[in-house]
$ cat query_26.txt   # compact mmCIF, C-alpha atoms
# COMPACT_ATOMS: atom_id res chain seq x y z
CA GLU D 161 29.57 -7.87 22.03
CA GLU D 162 27.50 -10.17 19.80
CA ASP D 163 24.36 -8.40 21.01
CA GLU D 164 25.93 -5.02 20.28
CA ALA D 165 26.93 -6.08 16.76
CA GLU D 166 23.41 -7.37 16.05
CA LEU D 167 21.89 -4.15 17.40
CA GLU D 168 24.13 -2.06 15.14
CA GLU D 169 22.97 -4.16 12.17
CA LEU D 170 19.29 -3.72 13.11
CA LEU D 171 19.75 0.02 13.58
CA GLY D 172 21.53 0.52 10.25
CA PRO D 173 20.34 3.14 7.73
CA SER D 174 16.64 2.74 6.92
CA PRO D 175 15.54 2.44 3.28
CA LEU D 176 12.49 4.48 4.31
CA ALA D 177 14.42 7.37 5.85
CA VAL D 178 13.57 10.75 4.34
CA GLN D 179 16.65 12.21 2.64
CA PRO D 180 18.37 14.84 4.84
CA GLY D 181 18.23 18.44 3.76
CA ALA D 182 15.66 21.16 3.25
CA GLN D 183 12.09 20.48 2.12
CA ARG D 184 9.67 23.09 0.77
CA VAL D 185 6.28 21.58 1.50
CA ALA D 186 2.71 22.07 0.33
CA VAL D 187 0.39 20.82 3.10
CA VAL D 188 -2.82 19.37 1.63
CA HIS D 189 -5.79 18.42 3.80
CA PRO D 190 -8.66 16.35 2.36
CA ALA D 191 -11.73 17.82 4.10
CA VAL D 192 -14.53 15.26 4.51
CA LYS D 193 -17.76 17.23 4.37
CA TRP D 194 -20.14 14.50 5.60
CA GLY D 195 -20.44 10.77 6.38
CA PRO D 196 -18.70 8.43 8.88
CA LYS D 197 -15.20 9.74 8.01
CA LYS D 198 -16.05 13.26 9.24
CA SER D 199 -14.92 13.97 12.83
CA PRO D 200 -17.56 15.90 14.83
CA LEU D 201 -14.97 17.26 17.30
CA THR D 202 -12.74 19.20 14.91
CA THR D 203 -12.61 21.31 11.75
CA ALA D 204 -10.51 21.15 8.58
CA GLU D 205 -8.74 24.39 9.64
CA LEU D 206 -7.65 22.88 12.99
CA GLN D 207 -6.59 19.62 11.33
CA ILE D 208 -4.38 21.41 8.79
CA ALA D 209 -2.95 23.59 11.61
CA GLU D 210 -1.76 20.40 13.37
CA ALA D 211 -0.26 19.11 10.08
CA ILE D 212 1.64 22.43 9.73
CA ALA D 213 2.87 22.09 13.35
CA LEU D 214 4.26 18.65 12.43
CA VAL D 215 6.17 20.10 9.45
CA ASN D 216 7.47 23.03 11.56
CA THR D 217 8.89 20.51 14.05
CA LEU D 218 11.42 19.42 11.43
CA GLN D 219 14.63 21.35 10.90
CA ASN D 220 14.95 22.95 7.43
CA TRP D 221 11.36 22.05 6.48
CA THR D 222 9.19 25.01 5.49
CA VAL D 223 5.51 25.22 4.57
CA LEU D 224 5.04 26.92 1.20
CA ASP D 225 1.25 26.71 1.13
CA LYS D 226 -1.69 25.09 2.91
CA ILE D 227 -4.50 23.75 0.76
CA ILE D 228 -7.86 22.41 1.97
CA ILE D 229 -9.69 20.40 -0.73
CA PRO D 230 -13.07 18.71 -0.17
CA THR D 231 -13.47 14.95 -0.70
CA LYS D 232 -16.25 12.42 -0.15
CA ASN D 233 -13.94 9.48 0.48
CA PRO D 234 -10.24 10.02 1.39
CA ASP D 235 -9.61 6.25 1.09
CA LYS D 236 -10.02 6.06 -2.68
CA LYS D 237 -7.00 5.76 -5.00
CA PHE D 238 -6.48 9.46 -5.80
CA VAL D 239 -8.02 10.62 -2.46
CA PHE D 240 -10.05 13.34 -4.30
CA GLY D 241 -12.67 13.40 -7.03
CA LYS D 242 -11.51 13.98 -10.64
CA GLY D 243 -12.35 17.75 -10.75
CA ASN D 244 -10.81 18.56 -7.35
CA PHE D 245 -7.74 16.47 -8.16
CA GLN D 246 -7.22 18.56 -11.31
CA VAL D 247 -7.59 21.84 -9.35
CA LEU D 248 -5.10 20.60 -6.71
CA THR D 249 -2.56 19.46 -9.34
CA GLU D 250 -2.64 22.91 -10.99
CA LYS D 251 -2.13 24.62 -7.59
CA ILE D 252 0.87 22.41 -6.72
CA LYS D 253 2.47 22.91 -10.16
CA LYS D 254 2.29 26.72 -9.70
CA LEU D 255 4.12 26.71 -6.33
CA PRO D 256 7.70 28.09 -6.53
CA ARG D 257 10.40 25.44 -5.99
CA VAL D 258 8.08 23.01 -4.17
CA THR D 259 9.91 19.77 -3.22
CA ALA D 260 7.19 17.77 -1.42
CA VAL D 261 3.49 17.44 -0.67
CA PHE D 262 2.33 16.42 2.82
CA LEU D 263 -1.07 14.79 2.34
CA ASN D 264 -2.72 14.94 5.77
CA VAL D 265 -4.13 11.38 5.85
CA GLU D 266 -2.99 8.56 8.13
CA ARG D 267 -1.60 6.26 5.42
CA ILE D 268 -1.58 6.10 1.62
CA SER D 269 -0.72 2.87 -0.18
CA SER D 270 2.63 2.66 -1.99
CA LEU D 271 0.68 2.43 -5.27
CA THR D 272 -1.26 5.67 -4.56
CA LYS D 273 1.98 7.35 -3.45
CA LYS D 274 3.66 6.46 -6.76
CA GLU D 275 0.66 7.65 -8.83
CA LEU D 276 0.54 10.98 -6.94
CA GLU D 277 4.30 11.52 -7.22
CA ASP D 278 4.08 10.89 -10.99
CA ALA D 279 1.17 13.35 -11.29
CA TRP D 280 2.75 16.13 -9.18
CA GLY D 281 6.44 15.55 -9.92
CA VAL D 282 7.47 15.82 -6.23
CA LYS D 283 7.79 13.56 -3.15
CA VAL D 284 4.50 12.75 -1.35
CA PHE D 285 4.39 12.11 2.42
CA ASP D 286 1.48 10.96 4.62
CA ARG D 287 1.13 11.39 8.43
CA TYR D 288 2.81 8.03 9.06
CA THR D 289 5.93 9.03 7.06
CA VAL D 290 6.16 12.51 8.62
CA VAL D 291 5.61 11.34 12.22
CA LEU D 292 8.08 8.48 11.70
CA HIS D 293 10.64 10.98 10.36
CA ILE D 294 10.12 13.23 13.44
CA PHE D 295 10.60 10.15 15.63
CA ARG D 296 13.84 9.30 13.79
CA CYS D 297 15.16 12.84 14.32
CA ASN D 298 14.30 12.77 18.05
CA ALA D 299 15.28 9.18 18.94
CA GLN D 300 18.22 9.21 21.36
CA THR D 301 18.30 5.71 22.87
CA LYS D 302 18.65 2.27 21.31
CA GLU D 303 15.17 1.39 22.55
CA ALA D 304 13.51 4.32 20.75
CA LYS D 305 15.48 3.50 17.57
CA LEU D 306 14.42 -0.16 17.77
CA GLN D 307 10.78 0.83 18.23
CA ILE D 308 11.00 3.01 15.11
CA ALA D 309 12.59 0.14 13.15
CA LEU D 310 9.66 -2.06 14.27
CA ALA D 311 7.12 0.57 13.13
CA GLU D 312 8.77 0.56 9.68
CA ILE D 313 8.16 -3.16 9.04
CA PRO D 314 4.50 -2.78 7.82
CA LEU D 315 5.64 0.00 5.43
CA LEU D 316 8.47 -2.15 4.08
CA ARG D 317 5.97 -5.01 3.49
CA SER D 318 3.58 -2.72 1.64
CA ASN D 319 6.43 -1.31 -0.50
CA LEU D 320 7.57 -4.86 -1.29
CA LYS D 321 4.15 -5.82 -2.71
CA ASN D 322 4.23 -2.79 -4.99
CA GLU D 323 7.83 -3.52 -6.06
CA VAL D 324 6.99 -7.15 -6.90
CA SER D 325 3.91 -6.25 -8.95
CA GLN D 326 6.04 -3.77 -10.96
CA LEU D 327 8.80 -6.37 -11.47
CA ASP D 328 6.22 -8.92 -12.65
CA GLN D 329 4.87 -6.46 -15.21
CA GLN D 330 8.36 -5.63 -16.52
CA ARG D 331 9.81 -9.14 -16.44
CA GLY D 332 7.00 -11.41 -17.49
CA GLY D 333 9.46 -14.34 -17.04
CA SER D 334 10.27 -16.72 -14.17
CA ARG D 335 9.38 -15.45 -10.70
CA TYR D 336 11.83 -17.79 -8.99
CA ILE D 337 15.33 -16.92 -7.84
CA MET D 338 18.11 -18.94 -9.44
CA GLY D 339 16.03 -22.12 -9.38
CA SER D 340 15.78 -22.04 -5.56
CA GLY D 341 12.04 -22.72 -5.61
CA GLU D 342 11.55 -19.47 -3.61
CA THR D 343 10.07 -16.40 -5.27
CA PHE D 344 11.63 -12.94 -4.82
CA MET D 345 8.52 -11.99 -2.76
CA GLU D 346 8.93 -15.02 -0.46
CA THR D 347 12.66 -14.34 0.04
CA GLN D 348 12.10 -10.67 0.92
CA ASN D 349 9.16 -11.52 3.20
CA ARG D 350 11.29 -14.09 5.02
CA ILE D 351 14.10 -11.53 5.50
CA LEU D 352 11.57 -8.99 6.88
CA LYS D 353 10.08 -11.62 9.22
CA GLU D 354 13.55 -12.48 10.56
CA LYS D 355 14.36 -8.78 11.04
CA GLU D 356 11.06 -8.20 12.90
CA LEU D 357 11.76 -11.18 15.18
CA LYS D 358 15.27 -9.89 15.98
CA ILE D 359 13.90 -6.40 16.79
CA ARG D 360 11.18 -7.86 19.04
CA ASN D 361 13.77 -10.03 20.86
CA ALA D 362 16.09 -7.03 21.39
CA LEU D 363 13.14 -4.98 22.73
CA GLU D 364 12.17 -7.88 25.03
CA LYS D 365 15.69 -7.90 26.53
CA LEU D 366 15.42 -4.17 27.20
CA ARG D 367 11.92 -4.69 28.65
CA ARG D 368 13.24 -7.31 31.09
CA LYS D 369 16.04 -4.94 32.13
CA ARG D 370 13.44 -2.22 32.78
CA SER D 371 11.32 -4.68 34.72
CA LEU D 372 14.33 -5.37 36.98
CA LEU D 373 14.79 -1.63 37.60
CA ARG D 374 11.06 -1.35 38.30
CA ASN D 375 11.28 -4.10 40.92
CA GLN D 376 14.17 -2.31 42.62
CA ARG D 377 12.09 0.88 42.77
CA ARG D 378 9.18 -1.16 44.15
CA LYS D 379 11.40 -2.54 46.94
CA ARG D 380 12.28 1.01 47.94
CA GLU D 381 8.57 1.83 47.79
CA PHE D 382 8.88 5.01 45.76
CA PRO D 383 5.40 5.82 44.40
CA ILE D 384 5.50 6.22 40.59
CA ILE D 385 3.44 8.92 38.86
CA SER D 386 3.08 8.78 35.06
CA VAL D 387 2.57 12.18 33.44
CA MET D 388 0.67 11.83 30.16
CA GLY D 389 -1.05 14.06 27.64
CA TYR D 390 -1.47 15.18 24.06
CA ALA D 391 1.68 16.27 22.19
CA ASN D 392 2.91 19.71 23.34
CA CYS D 393 0.52 20.03 26.31
CA GLY D 394 3.37 20.95 28.70
CA LYS D 395 4.21 17.61 30.41
CA THR D 396 7.96 18.20 30.60
CA THR D 397 7.48 21.81 31.79
CA LEU D 398 5.19 20.52 34.56
CA ILE D 399 7.68 17.84 35.67
CA LYS D 400 10.42 20.48 35.75
CA ALA D 401 8.18 22.68 37.94
CA LEU D 402 7.27 19.80 40.29
CA THR D 403 10.82 18.50 40.72
CA GLY D 404 12.91 21.65 40.32
CA GLU D 405 15.19 19.66 37.99
CA ALA D 406 17.20 22.36 36.24
CA GLY D 407 18.59 19.96 33.62
CA LEU D 408 15.15 19.40 32.09
CA GLN D 409 14.81 21.57 29.00
CA PRO D 410 11.23 21.49 27.65
CA ARG D 411 10.99 22.11 23.87
CA ASP D 412 8.04 23.71 22.13
CA GLN D 413 7.96 20.82 19.69
CA LEU D 414 5.80 17.81 18.89
CA PHE D 415 7.29 14.50 20.10
CA ALA D 416 10.28 16.09 21.86
CA THR D 417 9.98 13.20 24.40
CA LEU D 418 10.21 9.71 22.88
CA ASP D 419 11.85 7.76 25.67
CA ILE D 420 10.32 7.41 29.08
CA THR D 421 12.39 9.40 31.57
CA ALA D 422 12.13 9.30 35.38
CA HIS D 423 12.57 12.31 37.70
CA ALA D 424 12.53 12.41 41.52
CA GLY D 425 10.38 14.92 43.39
CA TYR D 426 8.81 15.50 46.81
CA LEU D 427 5.19 15.91 47.91
CA PRO D 428 4.10 18.36 50.69
CA SER D 429 4.69 15.71 53.41
CA HIS D 430 8.27 15.26 52.05
CA MET D 431 7.35 11.87 50.59
CA ALA D 432 9.75 11.07 47.72
CA VAL D 433 8.04 10.12 44.45
CA ILE D 434 9.15 9.42 40.87
CA TYR D 435 7.54 11.36 38.00
CA VAL D 436 7.68 9.56 34.66
CA ASP D 437 7.61 11.65 31.45
CA THR D 438 5.99 9.84 28.49
CA ILE D 439 5.55 10.20 24.72
CA GLY D 440 2.84 12.67 23.64
CA PHE D 441 -0.25 11.50 21.77
CA LEU D 442 -1.68 12.71 18.47
CA THR D 443 -5.08 12.34 16.76
CA ASP D 444 -4.87 9.66 14.03
CA LEU D 445 -1.44 8.61 15.26
CA PRO D 446 -0.94 5.55 13.06
CA HIS D 447 -1.78 2.35 14.92
CA ASN D 448 1.58 0.68 14.13
CA LEU D 449 3.41 3.58 15.77
CA VAL D 450 1.39 3.28 18.98
CA GLU D 451 1.87 -0.49 18.81
CA SER D 452 5.66 -0.24 18.46
CA PHE D 453 5.87 2.17 21.43
CA SER D 454 3.55 0.08 23.62
CA ALA D 455 6.62 -1.60 25.19
CA THR D 456 7.65 1.83 26.49
CA LEU D 457 4.12 2.78 27.45
CA GLU D 458 3.61 -0.45 29.44
CA GLU D 459 5.58 1.34 32.18
CA VAL D 460 2.43 3.41 32.71
CA ALA D 461 0.46 0.28 33.69
CA TYR D 462 2.88 -0.22 36.61
CA SER D 463 2.59 3.30 37.98
CA ASP D 464 0.62 4.20 41.10
CA LEU D 465 -1.07 7.24 39.58
CA ILE D 466 -1.61 8.86 36.18
CA VAL D 467 -1.58 12.65 35.82
CA HIS D 468 -3.31 13.67 32.57
CA VAL D 469 -2.09 17.11 31.44
CA ARG D 470 -4.30 19.12 29.07
CA ASP D 471 -3.50 22.32 27.18
CA ILE D 472 -6.75 24.03 28.09
CA THR D 473 -6.12 26.90 25.66
CA HIS D 474 -6.12 24.63 22.61
CA PRO D 475 -9.30 24.90 20.50
CA GLU D 476 -9.41 21.07 20.21
CA THR D 477 -8.79 20.35 23.90
CA ILE D 478 -11.90 18.09 24.11
CA LEU D 479 -10.82 16.02 21.10
CA GLN D 480 -7.29 15.82 22.55
CA LYS D 481 -8.67 14.48 25.83
CA ALA D 482 -10.73 11.86 23.95
CA THR D 483 -7.58 10.81 21.99
CA VAL D 484 -5.49 10.31 25.16
CA LEU D 485 -8.25 8.36 26.94
CA SER D 486 -8.80 6.18 23.87
CA VAL D 487 -5.07 5.30 23.63
CA LEU D 488 -4.94 4.53 27.37
CA LYS D 489 -7.94 2.18 27.07
CA ASN D 490 -6.29 0.42 24.10
CA LEU D 491 -3.11 -0.08 26.15
CA ASN D 492 -5.14 -2.14 28.67
CA ILE D 493 -4.28 0.19 31.55
CA PRO D 494 -5.84 -1.24 34.77
CA SER D 495 -9.25 0.34 35.48
CA HIS D 496 -8.23 1.54 38.99
CA LEU D 497 -5.53 3.72 37.36
CA LEU D 498 -8.04 5.24 34.95
CA ASP D 499 -10.53 5.85 37.78
CA SER D 500 -8.02 7.58 40.07
CA MET D 501 -6.44 9.72 37.30
CA VAL D 502 -5.71 13.38 38.16
CA GLU D 503 -6.75 15.77 35.37
CA VAL D 504 -4.62 18.90 35.06
CA HIS D 505 -5.73 21.96 33.07
CA ASN D 506 -2.47 23.62 32.05
CA LYS D 507 -1.66 27.09 30.58
CA VAL D 508 -4.45 28.87 32.52
CA ASP D 509 -2.26 32.00 32.62
CA LEU D 510 -3.42 32.54 29.01
CA ILE D 511 -7.14 32.57 29.95
CA GLU D 512 -8.63 35.26 32.17
CA ARG D 513 -10.23 34.01 35.44
CA TYR D 514 -10.29 30.37 34.31
CA LYS D 515 -12.45 27.93 36.32
CA PRO D 516 -12.49 24.20 35.37
CA THR D 517 -15.96 22.86 34.55
CA GLU D 518 -14.85 19.23 35.07
CA GLU D 519 -15.14 17.97 38.62
CA ASN D 520 -11.79 17.28 40.36
CA ALA D 521 -9.71 18.99 37.61
CA VAL D 522 -6.80 21.10 38.90
CA ALA D 523 -6.10 24.40 37.08
CA ILE D 524 -2.40 25.27 36.79
CA SER D 525 0.23 27.18 34.86
CA ALA D 526 3.32 24.95 34.82
CA LEU D 527 5.35 27.81 33.35
CA HIS D 528 4.47 30.35 36.07
CA GLY D 529 3.98 27.94 39.01
CA HIS D 530 0.30 28.83 39.49
CA GLY D 531 -1.75 26.05 41.22
CA LEU D 532 1.24 23.73 41.78
CA GLU D 533 0.80 23.46 45.57
CA GLU D 534 -2.85 22.50 45.11
CA LEU D 535 -1.80 19.91 42.51
CA LYS D 536 0.86 18.41 44.81
CA GLU D 537 -1.73 18.11 47.60
CA GLU D 538 -4.16 16.36 45.24
CA ILE D 539 -1.40 13.97 44.07
CA GLU D 540 -0.43 13.22 47.68
CA LYS D 541 -4.04 12.53 48.67
CA LYS D 542 -4.43 10.08 45.76
CA ILE D 543 -1.03 8.43 46.37
CA LEU D 544 -1.82 7.81 50.05
CA THR D 545 -5.13 6.21 49.02
CA VAL D 546 -3.83 4.01 46.19
CA THR D 547 -0.63 2.85 47.93
CA GLY D 548 -2.31 2.30 51.30
CA LYS D 549 0.30 4.51 53.01
CA LYS D 550 -0.49 6.47 56.17
CA ILE D 551 0.95 9.64 57.66
CA LEU D 552 1.06 9.32 61.44
CA THR D 553 2.97 10.36 64.55
CA VAL D 554 4.30 7.80 67.07
CA ASN D 555 5.76 8.26 70.55
CA ILE D 556 8.97 6.27 70.97
CA HIS D 557 11.63 5.58 73.62
CA LEU D 558 15.02 6.76 72.37
CA GLU D 559 16.82 3.87 74.12
CA GLY D 560 14.95 1.18 72.17
CA ALA D 561 15.17 0.01 68.54
CA GLN D 562 12.04 1.85 67.42
CA LEU D 563 13.71 4.86 65.75
CA SER D 564 16.25 2.82 63.73
CA TRP D 565 13.42 0.41 62.74
CA LEU D 566 11.28 3.33 61.48
CA TYR D 567 14.18 4.81 59.52
CA LYS D 568 14.68 1.42 57.86
CA GLU D 569 11.04 0.44 57.17
CA ALA D 570 9.20 3.78 56.75
CA THR D 571 9.86 7.38 55.68
CA VAL D 572 10.70 9.48 58.74
CA GLN D 573 9.47 13.07 58.30
CA GLU D 574 10.24 14.80 61.60
CA VAL D 575 11.76 13.84 64.96
CA GLU D 576 10.86 16.00 68.00
CA VAL D 577 13.00 14.93 70.99
CA MET D 578 11.71 15.30 74.59
CA PRO D 579 15.00 15.08 76.57
CA GLU D 580 13.33 15.22 80.01
CA ASP D 581 11.85 11.72 79.68
CA GLY D 582 14.07 10.22 76.93
CA THR D 583 11.27 10.01 74.35
CA ALA D 584 10.60 11.49 70.92
CA ARG D 585 7.61 12.23 68.71
CA VAL D 586 8.27 10.87 65.23
CA LYS D 587 6.16 11.76 62.18
CA VAL D 588 6.32 8.99 59.54
CA ILE D 589 4.84 7.88 56.24
CA ILE D 590 4.32 4.13 56.50
CA SER D 591 2.75 1.39 54.38
CA ASN D 592 -0.07 -0.79 55.75
CA SER D 593 2.19 -3.89 55.91
CA ALA D 594 4.99 -2.03 57.74
CA PHE D 595 2.43 -0.47 60.12
CA GLY D 596 1.12 -3.97 60.99
CA LYS D 597 4.69 -5.15 61.73
CA TYR D 598 5.39 -2.04 63.84
CA LYS D 599 2.31 -2.65 66.06
CA ASN D 600 3.35 -6.30 66.57
CA LEU D 601 6.96 -5.44 67.42
CA PHE D 602 6.19 -2.40 69.62
CA PRO D 603 2.71 -2.99 71.10
CA ASN D 604 3.10 -0.31 73.82
CA SER D 605 3.98 2.52 71.42
CA LYS D 606 1.55 5.47 71.40
CA ILE D 607 0.20 6.21 67.91
CA PHE D 608 -1.49 9.45 66.76
CA MET D 609 -3.23 9.26 63.36
$ encode --input "query_26.txt" --output "structure tokens"
Amino acid sequence: EEDEAELEELLGPSPLAVQPGAQRVAVVHPAVKWGPKKSPLTTAELQIAEAIALVNTLQNWTVLDKIIIPTKNPDKKFVFGKGNFQVLTEKIKKLPRVTAVFLNVERISSLTKKELEDAWGVKVFDRYTVVLHIFRCNAQTKEAKLQIALAEIPLLRSNLKNEVSQLDQQRGGSRYIMGSGETFMETQNRILKEKELKIRNALEKLRRKRSLLRNQRRKREFPIISVMGYANCGKTTLIKALTGEAGLQPRDQLFATLDITAHAGYLPSHMAVIYVDTIGFLTDLPHNLVESFSATLEEVAYSDLIVHVRDITHPETILQKATVLSVLKNLNIPSHLLDSMVEVHNKVDLIERYKPTEENAVAISALHGHGLEELKEEIEKKILTVTGKKILTVNIHLEGAQLSWLYKEATVQEVEVMPEDGTARVKVIISNSAFGKYKNLFPNSKIFM
């Protein structure tokens, strides 16, 4: 009960939460024309299209206008040069009933945010704020909500610095609270530190609980397959197609999946496996957000296989692949998992006569079921290799303990009884360790690989 009460306190209303209700948004993209800040794998048009997709994800948010303005350095205080800033301000002021500007940069400082809001007379959001708001709207479990609260801490710290500098300018007097010897800044920082520690402890408890569940799955030897990919690439649709789970309702929305969810399915040999659905990735997804969700994503490191789903119709599919691989490397995923990864090219029904150029990529349409059998066979092949399992047939005597032992220690696929001599042919999937035990216990058994 104490834990529950503390959790409720930690998950109370956030001071950073965007006010509910409709927003009429101008999406502004600072286009870097040259230099190290320019991405070679994308264009300003594609970047602003993704920003618009983020806004469209939110209920009651509408895009009034999209504006691409060139800049040499998006990190400077006003993001744009003086002339371009003036042009942009005039455009925003002319928009009918505009309530907010979404500036498509990863983060702006609280000082810049205040200056821009004063200049434009409306709320200003960056990618961090918008993505965090989408996360808040989609978070269902306590764990997802805690991870969002953790991602807010750096923002709260940055806002605090700005607040203190403003107070100092207005007050000019003593910076200490009621003679306590502790400044307002120190008090607030201490409170934030304590809150962060409580959130991390609560997440650690949940992590240990998940670790326990993972160990139980390990004991039952269910292979675990993590399905990953860029936001909206069709991961949930694919899992629904592979498992036939009718309850799964994929949404055409960025970050519809925030919590890791597990779904049981079968491979062609009838081997039971668990497919794990994970959070989608995004280019320039703020580091603190990835960091706060790394506790969830650590589940991936314990899987037997990663399936990387790509929306092959997307004009930035190469950049999206690079983003996913970069995040996986930063999560310290074991190299054997990265090396054995299955790459899936999804949505091929939208491209005529599509043939993958990448070696070992499997072309599918999760929506229409095209290529799924080939994908299942590829997954099975990889799973048998990485888990050291074998598919074999053994001849057994029905009177002995062999059949009950196989049912207990392996996965029995088929039993073909030969009544004339009291034997049976049994097809099984068996791990290396169980196979070694079987040969020791039943040395006279005939085995067919």
$ residues_around --input "query_26.txt" --residues "Val247 in chain D" --least-positions-apart "3" --cutoff "12 Å" --atoms "all atoms listed in the file" --output "PyMOL selection string"
chain D and resi 227-230+240-244+250-254+280
$ atom_distance --input "query_26.txt" --atom1 "CA of Leu601 in chain D" --atom2 "CA of Ile543 in chain D"
26.4 Å
$ closest_residue --input "query_26.txt" --among "D:Ser429, D:Gln480, D:Thr517, D:Thr272" --to "Lys541 in chain D" --atoms "only C-alpha atoms"
D:Ser429
$ atom_distance --input "query_26.txt" --atom1 "CA of Phe238 in chain D" --atom2 "CA of Glu312 in chain D"
23.5 Å
$ atom_distance --input "query_26.txt" --atom1 "CA of Ala584 in chain D" --atom2 "CA of Lys549 in chain D"
21.8 Å
$ closest_residue --input "query_26.txt" --among "D:Arg317, D:Arg470, D:Lys274, D:Lys369" --to "Pro516 in chain D" --atoms "only C-alpha atoms"
D:Arg470
$ residues_around --input "query_26.txt" --residues "Asp235 in chain D" --least-positions-apart "6" --cutoff "12 Å" --atoms "all atoms listed in the file" --output "list in words"
Pro190, Val192, Lys197, Gly241, Val265, Glu266, Arg267, Ile268, Ser269 and Thr272 of chain D
$ closest_residue --input "query_26.txt" --among "D:Cys393, D:Met431, D:Leu176, D:Ile208" --to "Ile589 in chain D" --atoms "only C-alpha atoms"
D:Met431
$ closest_atom_pairs --input "query_26.txt" --of "range 459-538 of chain D" --to "range 436-445 of chain D" --cutoff "12 Å" --atoms "only C-alpha atoms" --output "JSON lines"
{"residue": "D:Glu459", "atom": "CA", "partner": "D:Val436", "partner_atom": "CA", "distance": 8.8}
{"residue": "D:Val460", "atom": "CA", "partner": "D:Val436", "partner_atom": "CA", "distance": 8.3}
{"residue": "D:Ala461", "atom": "CA", "partner": "D:Val436", "partner_atom": "CA", "distance": 11.8}
{"residue": "D:Tyr462", "atom": "CA", "partner": "D:Val436", "partner_atom": "CA", "distance": 11.1}
{"residue": "D:Ser463", "atom": "CA", "partner": "D:Val436", "partner_atom": "CA", "distance": 8.7}
{"residue": "D:Asp464", "atom": "CA", "partner": "D:Val436", "partner_atom": "CA", "distance": 11.0}
{"residue": "D:Leu465", "atom": "CA", "partner": "D:Val436", "partner_atom": "CA", "distance": 10.3}
{"residue": "D:Ile466", "atom": "CA", "partner": "D:Val436", "partner_atom": "CA", "distance": 9.4}
{"residue": "D:Val467", "atom": "CA", "partner": "D:Val436", "partner_atom": "CA", "distance": 9.8}
{"residue": "D:His468", "atom": "CA", "partner": "D:Thr438", "partner_atom": "CA", "distance": 10.9}
{"residue": "D:Val469", "atom": "CA", "partner": "D:Gly440", "partner_atom": "CA", "distance": 10.2}
{"residue": "D:Arg470", "atom": "CA", "partner": "D:Gly440", "partner_atom": "CA", "distance": 11.0}
{"residue": "D:Glu476", "atom": "CA", "partner": "D:Thr443", "partner_atom": "CA", "distance": 10.3}
{"residue": "D:Thr477", "atom": "CA", "partner": "D:Thr443", "partner_atom": "CA", "distance": 11.4}
{"residue": "D:Ile478", "atom": "CA", "partner": "D:Thr443", "partner_atom": "CA", "distance": 11.6}
{"residue": "D:Leu479", "atom": "CA", "partner": "D:Thr443", "partner_atom": "CA", "distance": 8.1}
{"residue": "D:Gln480", "atom": "CA", "partner": "D:Thr443", "partner_atom": "CA", "distance": 7.1}
{"residue": "D:Lys481", "atom": "CA", "partner": "D:Phe441", "partner_atom": "CA", "distance": 9.8}
{"residue": "D:Ala482", "atom": "CA", "partner": "D:Thr443", "partner_atom": "CA", "distance": 9.2}
{"residue": "D:Thr483", "atom": "CA", "partner": "D:Thr443", "partner_atom": "CA", "distance": 6.0}
{"residue": "D:Val484", "atom": "CA", "partner": "D:Phe441", "partner_atom": "CA", "distance": 6.4}
{"residue": "D:Leu485", "atom": "CA", "partner": "D:Phe441", "partner_atom": "CA", "distance": 10.0}
{"residue": "D:Ser486", "atom": "CA", "partner": "D:Thr443", "partner_atom": "CA", "distance": 10.1}
{"residue": "D:Val487", "atom": "CA", "partner": "D:Phe441", "partner_atom": "CA", "distance": 8.1}
{"residue": "D:Leu488", "atom": "CA", "partner": "D:Phe441", "partner_atom": "CA", "distance": 10.1}
$ residues_around --input "query_26.txt" --residues "Ala424 in chain D" --least-positions-apart "6" --cutoff "8 Å" --atoms "only C-alpha atoms" --output "PyMOL selection string"
chain D and resi 403+432-435
